[in-house]
Amino acid sequence: MPITKNENIGFDFKKNLKLYGLVFIGLFILLFIFNGGFSDVHDLRKTYRGTNYYGEYKTGLELRQNVAWYSFTRALILTSIFVLILYIRYSKKIPFISNIKINKPIFLQSLKLSGIWLLILWIVVFLIMGGYKNEYDLESSYGYGENAIYGGGTVIRKALVMASFLISLGIALLALFFTYKNKIKNVNKGTNQTS
């Protein structure tokens, strides 16, 4: 029997659309439960901003709608990252930069260095933002004002972990870009001198 090539090898978005939908729904439910969507109204008011713009108490439905919207946006982002990882894995291409030639060994070296910087920066930024403080001091620092974080010291510490990670990730990506650019420049300079 002649061996036929499988023409379906690669990334097929439409074929796995059902899978992506199930991943999104699963993430949404998990995030909704994790963020207290089924909690009591009083617990929701403690964790989230319990009043509206006019200072009136929000109803349980309004608070759950806020939790649902928060969970929906996070589930959408995570599902998009999941689809992107599958796309890179099966198509062997990175969107928007697949046509750009990248020196893989130098890129991996730069990525390793930026990963180390990410971990160091994450710890440093977390400490600068006061993540080491006790719950009372955290609530005093972040629990009041126009952009207050509600829910006590534990919730504030979780928010600081995420905020410090995002700030550190941005700095680490910049470090990756400039490190890779500098290494490529040095390699090109060395080849020009030898030639």
# chains A, B, ... in the order shown; residues from 1 in each chain; ligands from 1

$ select_by_dssp --residues "segment 36-192 of chain A" --states "helix (DSSP H, G or I)" --output "number ranges by chain"
A: 41-47, 60-91, 104-128, 135-142, 152-192

$ residues_around --residues "Phe32 of chain A" --least-positions-apart "6" --cutoff "7 Å" --atoms "only C-alpha atoms" --output "list in words"
Val67, Ala68 and Ser71 of chain A

$ write_last_selection --atoms "all heavy atoms" --output "tab-separated table (two decimals), in the first residue's frame"
chain	number	residue	atom	x	y	z
A	67	VAL	N	-17.63	40.22	39.45
A	67	VAL	CA	-16.77	39.03	39.52
A	67	VAL	C	-16.81	38.29	38.19
A	67	VAL	O	-15.77	37.81	37.69
A	67	VAL	CB	-17.20	38.11	40.67
A	67	VAL	CG1	-16.37	36.83	40.69
A	67	VAL	CG2	-17.08	38.82	42.00
A	68	ALA	N	-18.00	38.18	37.59
A	68	ALA	CA	-18.15	37.48	36.31
A	68	ALA	C	-17.36	38.19	35.20
A	68	ALA	O	-16.70	37.54	34.39
A	68	ALA	CB	-19.63	37.39	35.92
A	71	SER	N	-13.66	37.60	35.77
A	71	SER	CA	-13.32	36.22	35.42
A	71	SER	C	-13.35	36.02	33.90
A	71	SER	O	-12.50	35.32	33.35
A	71	SER	CB	-14.28	35.24	36.08
A	71	SER	OG	-14.32	35.44	37.48

$ residues_around --residues "segment 17-27 of chain A" --least-positions-apart "6" --cutoff "12 Å" --atoms "only C-alpha atoms" --output "VMD selection string"
chain A and resid 11 33 to 35 68 70 to 84 86

$ atom_distance --atom1 "atom CA of Gly36 of chain A" --atom2 "atom CA of Thr154 of chain A"
14.2 Å

$ residues_around --residues "segment 165-173 of chain A" --least-positions-apart "2" --cutoff "10 Å" --atoms "only C-alpha atoms" --output "list in words"
Leu111, Leu113, Ser114, Gly115, Ile116, Trp117, Leu118, Leu119, Ile120, Leu121, Trp122, Ile123, Val124, Val125, Phe126, Ala159, Leu160, Val161, Met162, Ala163, Ala175, Leu176, Phe177, Phe178 and Thr179 of chain A

$ residues_around --residues "Lys181 of chain A" --least-positions-apart "6" --cutoff "10 Å" --atoms "only C-alpha atoms" --output "VMD selection string"
chain A and resid 106 to 107 110 175

$ write_last_selection --atoms "all heavy atoms" --output "mmCIF file, in the first residue's frame"
data_model
loop_
_atom_site.group_PDB
_atom_site.id
_atom_site.type_symbol
_atom_site.label_atom_id
_atom_site.label_comp_id
_atom_site.auth_asym_id
_atom_site.auth_seq_id
_atom_site.Cartn_x
_atom_site.Cartn_y
_atom_site.Cartn_z
ATOM 1 N N ILE A 106 21.902 32.722 20.309
ATOM 2 C CA ILE A 106 22.034 34.018 20.987
ATOM 3 C C ILE A 106 20.714 34.422 21.635
ATOM 4 O O ILE A 106 20.689 34.957 22.744
ATOM 5 C CB ILE A 106 22.525 35.108 20.003
ATOM 6 C CG1 ILE A 106 23.960 34.794 19.574
ATOM 7 C CG2 ILE A 106 22.460 36.492 20.631
ATOM 8 C CD1 ILE A 106 24.508 35.742 18.536
ATOM 9 N N PHE A 107 19.606 34.124 20.954
ATOM 10 C CA PHE A 107 18.292 34.456 21.516
ATOM 11 C C PHE A 107 18.038 33.672 22.798
ATOM 12 O O PHE A 107 17.531 34.208 23.777
ATOM 13 C CB PHE A 107 17.197 34.161 20.487
ATOM 14 C CG PHE A 107 15.810 34.447 20.988
ATOM 15 C CD1 PHE A 107 15.336 35.748 21.061
ATOM 16 C CD2 PHE A 107 14.978 33.416 21.408
ATOM 17 C CE1 PHE A 107 14.065 36.018 21.532
ATOM 18 C CE2 PHE A 107 13.711 33.673 21.886
ATOM 19 C CZ PHE A 107 13.251 34.986 21.947
ATOM 20 N N SER A 110 20.080 35.142 25.603
ATOM 21 C CA SER A 110 19.462 36.387 26.053
ATOM 22 C C SER A 110 18.197 36.113 26.859
ATOM 23 O O SER A 110 17.913 36.793 27.847
ATOM 24 C CB SER A 110 19.126 37.277 24.851
ATOM 25 O OG SER A 110 20.260 37.495 24.043
ATOM 26 N N ALA A 175 14.931 44.166 28.677
ATOM 27 C CA ALA A 175 16.282 43.629 28.862
ATOM 28 C C ALA A 175 16.590 42.573 27.812
ATOM 29 O O ALA A 175 17.707 42.521 27.276
ATOM 30 C CB ALA A 175 16.427 43.043 30.261
#

$ residues_around --residues "segment 131-134 of chain A" --least-positions-apart "2" --cutoff "8 Å" --atoms "only C-alpha atoms" --output "list in words"
Phe126, Leu127, Ile128, Met129, Tyr136, Asp137, Leu138, Gly153, Arg157, Leu160 and Val161 of chain A
